[in-house]
Amino acid sequence: MYKLLKTEGNARRAEFSTPHGTIQTPAFMNVATCGAIKGAVSALDLKDIKCQVQLCNTYHLHLRPGDKVVKQLGGLHKFTRWEGPILTDSGGFQVFSLAKLRNIKEEGVYFSSHIDGRKIFMGPEESMQIQSNLGSTIAMAFDECIENPAPYDYTKKSIERTVRWLERCKKEMARLNSLEDTINKEQMLFGINQGSTYKDLRIDHMKTIAELDLDGYAIGGLAVGEPAEVMYEIIEAVEPYAPKNKIRYLMGVGTPVNILEAVYIGVDLFDCVMPSRNARHGHLFTKSGIINISNAKYELDDSHIDSQCDCPVCRNFSRAYIRHLMKSGEMLGMRLAVMHNLYFYNNLMEEIRTALDQGEFEAYYRHYRDILGKRI
RNA sequence: GUGGGUAUAGCUUAGUUGGUUAAAGCGCCAGUUUGUGGCACUGGAGACCGUCGGUUCGAAUCCGACUAUCCACC
């Protein structure tokens, strides 16, 4: 249930209520692909880093430990000890990211497991069944994330198929939610807008899926190599056709500035591996830009990662210590880096929400852009 | 003390019958990462080849002495 609280320009401040709690938006989802945020961060840590909602992956959990195993253990919430909202990605992106191994047909996609190479099939019904077994709060529709660049004709045929897949997803989810032993009988379904970088196809597709009255609408297939300006233009083009009374989710995006720009255009929800993956490689976000904590210049730096940050890591540990841990390959270094970066993202979203609450988002937006010195 | 082996980048090593600019891994330095195939990838710096002398047009490579170190024996 999406409840709009305030708007400023196209930017929206809202609450999205779910069976597992209310998400204050704009919000960032913390990526926990296999049921855990990479870097030894457990559900016990999530409040400390201001996490509201996690994203887990259908494909990965299907392969290991298996969605039926998770169901027998009571679903993802009980399994991971996280009581808040969980969104599961449908596996559609893996079709794209494992492109060499795929074979896309009308019924679904045949591809090889990245773990043991065995052939697997996933179509809309399978994806919904897996996500139902996982018992996530929100299921994503099974879509095709089209490569960039893609020919116009291929894109047109692909999004027509993605619409047919979406209709099958909706039907299957209704069936699964009515079954006696379903873990979450109120599981929600988000549709995904595709259409590569063709505005007319994007708009046509959004108009079509808007009529299906889904619980939320995602924009997928962006930030896959096209310039950021192109991404912003596509979001701006599609935004007027996304239902006003439904949450909007920009999939896989992005940098702090990407997110700020997208909020400005009217997006509510984000996810991205950037904060956690960058952290694992020592790249830490600060209000004055990214620092690489492994750099030699931090060897004797007794200050905190970000002097303006009040996360648990910055309240306690020095740059020199975290650099030492990262250089030594200590797991704690990675853990502290990931926690800091996720806090940075979650805190950024909180600042955006506060600015919207106070009617000062425009000023915040311009200020933040100036700090980073560029739009991208 | 005697006999034998070894000595090449910070470390561990490769280097053809002597032939242009001595190679690799690790480490070091820096960069990349956008619905995650988690310790990755890309690039860079760094060696007058133990020391001194000899043979040769030419020596990391062959010869001698010295030094260091390892093994065996006393």
# chains A, B, ... in the order shown; residues from 1 in each chain; ligands from 1
>>> residues_around(residues="Thr155 (chain A)", least_positions_apart="6", cutoff="12 Å", atoms="only C-alpha atoms (C1' of nucleotides)", output="mmCIF file with N, CA and C atoms, in the first residue's frame")
data_model
loop_
_atom_site.group_PDB
_atom_site.id
_atom_site.type_symbol
_atom_site.label_atom_id
_atom_site.label_comp_id
_atom_site.auth_asym_id
_atom_site.auth_seq_id
_atom_site.Cartn_x
_atom_site.Cartn_y
_atom_site.Cartn_z
ATOM 1 N N GLU A 144 12.821 -10.108 -19.237
ATOM 2 C CA GLU A 144 14.099 -10.191 -19.924
ATOM 3 C C GLU A 144 14.769 -8.839 -19.848
ATOM 4 N N CYS A 145 15.933 -8.831 -19.241
ATOM 5 C CA CYS A 145 16.724 -7.601 -19.181
ATOM 6 C C CYS A 145 17.559 -7.562 -20.456
ATOM 7 N N ILE A 146 17.208 -6.627 -21.346
ATOM 8 C CA ILE A 146 17.801 -6.620 -22.687
ATOM 9 C C ILE A 146 19.189 -6.007 -22.665
ATOM 10 N N GLU A 147 20.081 -6.602 -23.445
ATOM 11 C CA GLU A 147 21.446 -6.075 -23.565
ATOM 12 C C GLU A 147 21.438 -4.670 -24.142
ATOM 13 N N ASN A 148 22.469 -3.912 -23.828
ATOM 14 C CA ASN A 148 22.628 -2.593 -24.417
ATOM 15 C C ASN A 148 23.934 -2.557 -25.215
ATOM 16 N N PRO A 149 23.936 -2.119 -26.458
ATOM 17 C CA PRO A 149 22.754 -1.720 -27.230
ATOM 18 C C PRO A 149 22.010 -2.930 -27.789
ATOM 19 N N ARG A 161 7.008 -10.024 -25.280
ATOM 20 C CA ARG A 161 7.090 -11.294 -24.551
ATOM 21 C C ARG A 161 7.123 -11.049 -23.043
ATOM 22 N N THR A 162 7.830 -10.006 -22.636
ATOM 23 C CA THR A 162 7.889 -9.677 -21.204
ATOM 24 C C THR A 162 6.493 -9.341 -20.674
ATOM 25 N N ASN A 193 9.431 -2.422 -16.201
ATOM 26 C CA ASN A 193 9.452 -1.747 -17.491
ATOM 27 C C ASN A 193 10.772 -2.021 -18.208
ATOM 28 N N GLN A 194 10.655 -2.396 -19.494
ATOM 29 C CA GLN A 194 11.838 -2.589 -20.338
ATOM 30 C C GLN A 194 11.654 -1.797 -21.625
ATOM 31 N N GLY A 195 12.592 -1.947 -22.548
ATOM 32 C CA GLY A 195 12.488 -1.219 -23.814
ATOM 33 C C GLY A 195 13.799 -0.584 -24.232
ATOM 34 N N SER A 196 14.895 -1.079 -23.609
ATOM 35 C CA SER A 196 16.218 -0.586 -23.949
ATOM 36 C C SER A 196 16.247 0.944 -23.869
ATOM 37 N N THR A 197 16.863 1.604 -24.831
ATOM 38 C CA THR A 197 16.958 3.065 -24.778
ATOM 39 C C THR A 197 15.970 3.720 -25.749
ATOM 40 N N TYR A 198 14.948 2.958 -26.175
ATOM 41 C CA TYR A 198 13.947 3.505 -27.103
ATOM 42 C C TYR A 198 12.766 4.055 -26.301
ATOM 43 N N LYS A 199 12.643 5.381 -26.305
ATOM 44 C CA LYS A 199 11.623 6.023 -25.459
ATOM 45 C C LYS A 199 10.218 5.585 -25.842
ATOM 46 N N ASP A 200 9.956 5.442 -27.139
ATOM 47 C CA ASP A 200 8.589 5.081 -27.537
ATOM 48 C C ASP A 200 8.233 3.675 -27.048
ATOM 49 N N LEU A 201 9.204 2.752 -27.129
ATOM 50 C CA LEU A 201 8.954 1.391 -26.649
ATOM 51 C C LEU A 201 8.804 1.369 -25.133
ATOM 52 N N ARG A 202 9.655 2.137 -24.461
ATOM 53 C CA ARG A 202 9.567 2.243 -22.997
ATOM 54 C C ARG A 202 8.179 2.737 -22.580
ATOM 55 N N HIS A 205 5.381 0.240 -23.326
ATOM 56 C CA HIS A 205 5.444 -0.873 -22.387
ATOM 57 C C HIS A 205 4.903 -0.463 -21.023
ATOM 58 N N GLY A 221 16.731 -2.694 -16.772
ATOM 59 C CA GLY A 221 17.521 -2.617 -17.993
ATOM 60 C C GLY A 221 18.247 -1.300 -18.182
#
>>> residues_around(residues="Val313 (chain A)", least_positions_apart="2", cutoff="7 Å", atoms="only C-alpha atoms (C1' of nucleotides)", output="list of chain:residue names")
A:Cys311, A:Arg315, A:Asn316, A:Phe317, A:Leu336, A:His340
>>> write_last_selection(atoms="N, CA and C atoms", output="short mmCIF file (atom, residue, chain, number, x, y, z; two decimals), in the first residue's frame")
data_model
loop_
_atom_site.label_atom_id
_atom_site.label_comp_id
_atom_site.auth_asym_id
_atom_site.auth_seq_id
_atom_site.Cartn_x
_atom_site.Cartn_y
_atom_site.Cartn_z
N CYS A 311 28.21 6.70 11.72
CA CYS A 311 27.92 5.27 11.69
C CYS A 311 28.76 4.56 12.76
N ARG A 315 32.29 5.91 14.31
CA ARG A 315 32.32 6.32 15.73
C ARG A 315 33.46 5.62 16.48
N ASN A 316 34.01 4.55 15.91
CA ASN A 316 34.96 3.74 16.68
C ASN A 316 36.35 3.55 16.06
N PHE A 317 36.40 3.43 14.73
CA PHE A 317 37.66 2.96 14.14
C PHE A 317 38.32 3.99 13.24
N LEU A 336 33.64 -4.01 8.22
CA LEU A 336 33.53 -2.60 8.62
C LEU A 336 33.32 -1.71 7.39
N HIS A 340 30.00 0.54 6.73
CA HIS A 340 30.08 1.99 6.52
C HIS A 340 29.40 2.41 5.22
#
>>> select_by_dssp(residues="region 101-346 of chain A", states="alpha helix (DSSP H)", output="number ranges by chain")
A: 124-134, 152-177, 199-210, 228-238, 256-265, 274-280, 312-316, 319-327, 331-346
>>> residues_around(residues="G10 (chain B)", least_positions_apart="4", cutoff="10 Å", atoms="only C-alpha atoms (C1' of nucleotides)", output="PDB file with C-alpha atoms (C1' of nucleotides), in the first residue's frame")
ATOM      1  C1'   G B  27      54.423  -8.427  -1.922  1.00  0.00           C
ATOM      2  C1'   C B  28      54.403  -3.029  -2.960  1.00  0.00           C
ATOM      3  C1'   G B  46      61.189  -2.274  -8.688  1.00  0.00           C
TER       4        G B  46
END
>>> interface_residues(of="chain B", to="chain A", cutoff="9 Å", atoms="only C-alpha atoms (C1' of nucleotides)", output="JSON, numbers by chain")
{"B": [29, 30, 33, 34, 35, 36, 37, 38, 39, 40]}
>>> write_last_selection(atoms="N, CA and C atoms (P, O5', C5', C4', C3', O3' and C1' of nucleotides)", output="tab-separated table (two decimals), in the first residue's frame")
chain	number	residue	atom	x	y	z
B	29	C	P	51.17	-0.27	-0.69
B	29	C	O5'	51.36	0.53	-2.06
B	29	C	C5'	52.28	1.61	-2.16
B	29	C	C4'	52.23	2.19	-3.54
B	29	C	C3'	50.83	2.51	-4.04
B	29	C	O3'	50.36	3.75	-3.53
B	29	C	C1'	51.99	1.35	-5.72
B	30	A	P	48.78	3.87	-3.16
B	30	A	O5'	48.07	3.88	-4.60
B	30	A	C5'	48.08	5.05	-5.39
B	30	A	C4'	47.68	4.75	-6.81
B	30	A	C3'	46.22	4.38	-7.07
B	30	A	O3'	45.37	5.49	-7.03
B	30	A	C1'	47.64	3.00	-8.35
B	33	U	P	34.10	2.19	-12.46
B	33	U	O5'	33.39	0.82	-12.05
B	33	U	C5'	32.90	-0.09	-13.02
B	33	U	C4'	32.71	-1.43	-12.34
B	33	U	C3'	31.49	-1.45	-11.39
B	33	U	O3'	30.75	-2.65	-11.58
B	33	U	C1'	33.47	-2.09	-10.25
B	34	U	P	29.43	-2.62	-12.54
B	34	U	O5'	28.32	-1.82	-11.71
B	34	U	C5'	27.84	-2.35	-10.47
B	34	U	C4'	26.41	-1.86	-10.26
B	34	U	C3'	25.44	-2.28	-11.38
B	34	U	O3'	24.19	-2.72	-10.87
B	34	U	C1'	25.49	0.09	-11.16
B	35	G	P	24.07	-4.03	-9.93
B	35	G	O5'	22.59	-4.24	-9.38
B	35	G	C5'	21.50	-4.44	-10.33
B	35	G	C4'	20.48	-5.22	-9.59
B	35	G	C3'	20.54	-6.72	-9.86
B	35	G	O3'	21.30	-7.33	-8.81
B	35	G	C1'	18.39	-5.88	-10.38
B	36	U	P	21.38	-9.09	-8.81
B	36	U	O5'	22.87	-9.52	-9.06
B	36	U	C5'	23.89	-8.53	-8.91
B	36	U	C4'	25.24	-9.19	-9.01
B	36	U	C3'	25.25	-10.68	-8.61
B	36	U	O3'	26.04	-11.41	-9.51
B	36	U	C1'	26.63	-9.36	-7.14
B	37	G	P	26.17	-12.18	-10.63
B	37	G	O5'	27.22	-13.32	-10.26
B	37	G	C5'	26.86	-14.27	-9.31
B	37	G	C4'	28.05	-15.15	-9.02
B	37	G	C3'	29.35	-14.39	-8.82
B	37	G	O3'	29.93	-14.82	-7.60
B	37	G	C1'	29.60	-16.07	-10.47
B	38	G	P	29.79	-14.17	-6.22
B	38	G	O5'	30.96	-13.12	-6.35
B	38	G	C5'	32.26	-13.32	-6.22
B	38	G	C4'	32.80	-12.40	-5.11
B	38	G	C3'	33.95	-13.09	-4.43
B	38	G	O3'	35.11	-12.83	-5.23
B	38	G	C1'	32.54	-12.09	-2.82
B	39	C	P	36.27	-13.97	-5.26
B	39	C	O5'	37.40	-13.26	-4.41
B	39	C	C5'	37.41	-11.86	-4.31
B	39	C	C4'	38.65	-11.40	-3.63
B	39	C	C3'	39.82	-12.38	-3.73
B	39	C	O3'	41.00	-11.66	-4.01
B	39	C	C1'	39.16	-12.08	-1.44
B	40	A	P	41.91	-12.03	-5.23
B	40	A	O5'	41.02	-11.80	-6.54
B	40	A	C5'	40.29	-12.88	-7.14
B	40	A	C4'	39.47	-12.32	-8.28
B	40	A	C3'	40.29	-11.55	-9.31
B	40	A	O3'	40.79	-12.44	-10.29
B	40	A	C1'	38.44	-10.23	-8.64
>>> residues_around(residues="A65 (chain B)", least_positions_apart="5", cutoff="12 Å", atoms="only C-alpha atoms (C1' of nucleotides)", output="short mmCIF file (atom, residue, chain, number, x, y, z; two decimals) with C-alpha atoms (C1' of nucleotides), in the first residue's frame")
data_model
loop_
_atom_site.label_atom_id
_atom_site.label_comp_id
_atom_site.auth_asym_id
_atom_site.auth_seq_id
_atom_site.Cartn_x
_atom_site.Cartn_y
_atom_site.Cartn_z
"C1'" U B 51 82.12 -9.66 -4.72
"C1'" C B 52 86.70 -9.20 -7.42
"C1'" G B 53 89.39 -10.80 -11.51
"C1'" G B 54 89.89 -13.74 -16.14
#
>>> atom_distance(atom1="CA of Leu46 (chain A)", atom2="CA of Asp215 (chain A)")
25.3 Å
>>> atom_distance(atom1="CA of Phe16 (chain A)", atom2="CA of Ala237 (chain A)")
24.0 Å
>>> atom_distance(atom1="CA of Gly359 (chain A)", atom2="CA of Arg13 (chain A)")
10.2 Å
>>> residues_around(residues="region 14-25 of chain B", least_positions_apart="5", cutoff="9 Å", atoms="only C-alpha atoms (C1' of nucleotides)", output="mmCIF file with N, CA and C atoms (P, O5', C5', C4', C3', O3' and C1' of nucleotides), in the first residue's frame")
data_model
loop_
_atom_site.group_PDB
_atom_site.id
_atom_site.type_symbol
_atom_site.label_atom_id
_atom_site.label_comp_id
_atom_site.auth_asym_id
_atom_site.auth_seq_id
_atom_site.Cartn_x
_atom_site.Cartn_y
_atom_site.Cartn_z
ATOM 1 P P U B 8 70.121 -14.820 -5.369
ATOM 2 O "O5'" U B 8 70.126 -14.332 -6.877
ATOM 3 C "C5'" U B 8 70.811 -13.140 -7.235
ATOM 4 C "C4'" U B 8 70.199 -12.551 -8.475
ATOM 5 C "C3'" U B 8 68.721 -12.213 -8.355
ATOM 6 O "O3'" U B 8 68.510 -10.972 -7.704
ATOM 7 C "C1'" U B 8 69.077 -13.405 -10.357
ATOM 8 P P A B 47 65.814 -1.153 -9.813
ATOM 9 O "O5'" A B 47 66.116 -2.695 -9.814
ATOM 10 C "C5'" A B 47 66.381 -3.364 -8.559
ATOM 11 C "C4'" A B 47 67.272 -4.548 -8.840
ATOM 12 C "C3'" A B 47 68.450 -4.206 -9.755
ATOM 13 O "O3'" A B 47 69.499 -3.687 -8.963
ATOM 14 C "C1'" A B 47 67.372 -6.254 -10.445
ATOM 15 P P C B 49 74.907 -7.408 -12.632
ATOM 16 O "O5'" C B 49 74.132 -8.641 -12.006
ATOM 17 C "C5'" C B 49 73.528 -8.564 -10.704
ATOM 18 C "C4'" C B 49 72.899 -9.898 -10.393
ATOM 19 C "C3'" C B 49 73.864 -11.077 -10.531
ATOM 20 O "O3'" C B 49 73.556 -12.056 -9.564
ATOM 21 C "C1'" C B 49 72.107 -11.288 -12.097
ATOM 22 P P G B 58 85.027 -8.843 -26.047
ATOM 23 O "O5'" G B 58 83.476 -9.126 -25.857
ATOM 24 C "C5'" G B 58 82.552 -8.026 -25.778
ATOM 25 C "C4'" G B 58 81.137 -8.540 -25.768
ATOM 26 C "C3'" G B 58 80.803 -9.519 -24.656
ATOM 27 O "O3'" G B 58 80.509 -8.840 -23.450
ATOM 28 C "C1'" G B 58 79.969 -10.344 -26.703
ATOM 29 P P A B 59 80.811 -9.549 -22.039
ATOM 30 O "O5'" A B 59 79.849 -10.819 -22.000
ATOM 31 C "C5'" A B 59 78.418 -10.674 -22.004
ATOM 32 C "C4'" A B 59 77.815 -11.570 -20.945
ATOM 33 C "C3'" A B 59 78.159 -11.157 -19.518
ATOM 34 O "O3'" A B 59 77.094 -11.547 -18.660
ATOM 35 C "C1'" A B 59 79.043 -13.284 -19.942
ATOM 36 P P A B 60 75.853 -10.555 -18.357
ATOM 37 O "O5'" A B 60 75.069 -11.284 -17.158
ATOM 38 C "C5'" A B 60 75.666 -11.385 -15.873
ATOM 39 C "C4'" A B 60 75.110 -12.584 -15.141
ATOM 40 C "C3'" A B 60 75.643 -13.928 -15.650
ATOM 41 O "O3'" A B 60 76.828 -14.285 -14.983
ATOM 42 C "C1'" A B 60 73.288 -13.985 -15.494
ATOM 43 P P U B 61 78.012 -15.012 -15.799
ATOM 44 O "O5'" U B 61 77.382 -16.369 -16.358
ATOM 45 C "C5'" U B 61 76.882 -17.373 -15.479
ATOM 46 C "C4'" U B 61 76.201 -18.452 -16.291
ATOM 47 C "C3'" U B 61 77.141 -19.197 -17.243
ATOM 48 O "O3'" U B 61 76.829 -20.576 -17.258
ATOM 49 C "C1'" U B 61 75.373 -18.196 -18.455
ATOM 50 P P C B 62 77.731 -21.606 -16.410
ATOM 51 O "O5'" C B 62 79.137 -21.524 -17.166
ATOM 52 C "C5'" C B 62 79.439 -22.424 -18.225
ATOM 53 C "C4'" C B 62 80.885 -22.283 -18.624
ATOM 54 C "C3'" C B 62 81.866 -22.094 -17.469
ATOM 55 O "O3'" C B 62 82.228 -23.334 -16.878
ATOM 56 C "C1'" C B 62 82.328 -20.499 -19.139
#
>>> decode(residues="chain B", atoms="C-alpha atoms (C1' of nucleotides)", output="compact mmCIF listing (two decimals), in the first residue's frame")
# COMPACT_ATOMS: atom_id res chain seq x y z
C1' G B 1 87.98 -28.99 9.28
C1' U B 2 86.71 -32.10 4.50
C1' G B 3 83.50 -32.97 0.28
C1' G B 4 79.28 -31.37 -2.53
C1' G B 5 75.30 -27.84 -3.81
C1' U B 6 73.36 -22.85 -4.18
C1' A B 7 73.87 -17.33 -4.85
C1' U B 8 69.08 -13.40 -10.36
C1' A B 9 63.49 -7.66 -7.99
C1' G B 10 61.51 -6.88 -0.88
C1' C B 11 60.40 -12.69 -0.91
C1' U B 12 60.19 -17.52 -3.82
C1' U B 13 62.03 -18.86 -8.28
C1' A B 14 62.62 -19.26 -14.31
C1' G B 15 66.40 -18.02 -17.71
C1' U B 16 67.77 -22.84 -24.04
C1' U B 17 74.42 -24.97 -27.04
C1' G B 18 77.30 -17.63 -24.28
C1' G B 19 73.93 -13.22 -28.49
C1' U B 20 69.61 -6.87 -28.56
C1' U B 21 65.43 -4.05 -23.67
C1' A B 22 66.90 -10.45 -17.79
C1' A B 23 60.92 -13.36 -17.01
C1' A B 24 56.98 -14.98 -13.57
C1' G B 25 54.19 -15.52 -8.91
C1' C B 26 53.68 -13.19 -4.22
C1' G B 27 54.42 -8.43 -1.92
C1' C B 28 54.40 -3.03 -2.96
C1' C B 29 51.99 1.35 -5.72
C1' A B 30 47.64 3.00 -8.35
C1' G B 31 43.09 2.37 -11.09
C1' U B 32 38.24 -0.28 -12.32
C1' U B 33 33.47 -2.09 -10.25
C1' U B 34 25.49 0.09 -11.16
C1' G B 35 18.39 -5.88 -10.38
C1' U B 36 26.63 -9.36 -7.14
C1' G B 37 29.60 -16.07 -10.47
C1' G B 38 32.54 -12.09 -2.82
C1' C B 39 39.16 -12.08 -1.44
C1' A B 40 38.44 -10.23 -8.64
C1' C B 41 40.28 -7.63 -12.85
C1' U B 42 43.63 -3.89 -15.35
C1' G B 43 47.99 -1.16 -15.22
C1' G B 44 52.73 0.56 -12.83
C1' A B 45 57.33 0.84 -10.08
C1' G B 46 61.19 -2.27 -8.69
C1' A B 47 67.37 -6.25 -10.44
C1' C B 48 74.19 -2.72 -13.03
C1' C B 49 72.11 -11.29 -12.10
C1' G B 50 76.85 -12.27 -4.28
C1' U B 51 82.12 -9.66 -4.72
C1' C B 52 86.70 -9.20 -7.42
C1' G B 53 89.39 -10.80 -11.51
C1' G B 54 89.89 -13.74 -16.14
C1' U B 55 88.37 -16.04 -21.20
C1' U B 56 85.52 -13.91 -25.46
C1' C B 57 83.62 -9.38 -30.64
C1' G B 58 79.97 -10.34 -26.70
C1' A B 59 79.04 -13.28 -19.94
C1' A B 60 73.29 -13.99 -15.49
C1' U B 61 75.37 -18.20 -18.46
C1' C B 62 82.33 -20.50 -19.14
C1' C B 63 87.01 -20.32 -15.64
C1' G B 64 89.54 -18.82 -10.83
C1' A B 65 89.67 -16.68 -6.02
C1' C B 66 86.92 -14.70 -2.13
C1' U B 67 82.33 -14.08 0.76
C1' A B 68 77.59 -15.89 2.35
C1' U B 69 74.39 -19.94 2.92
C1' C B 70 72.52 -25.15 2.77
C1' C B 71 73.50 -30.54 2.97
C1' A B 72 76.61 -34.75 4.19
C1' C B 73 80.82 -36.54 6.78
C1' C B 74 84.53 -35.92 10.64
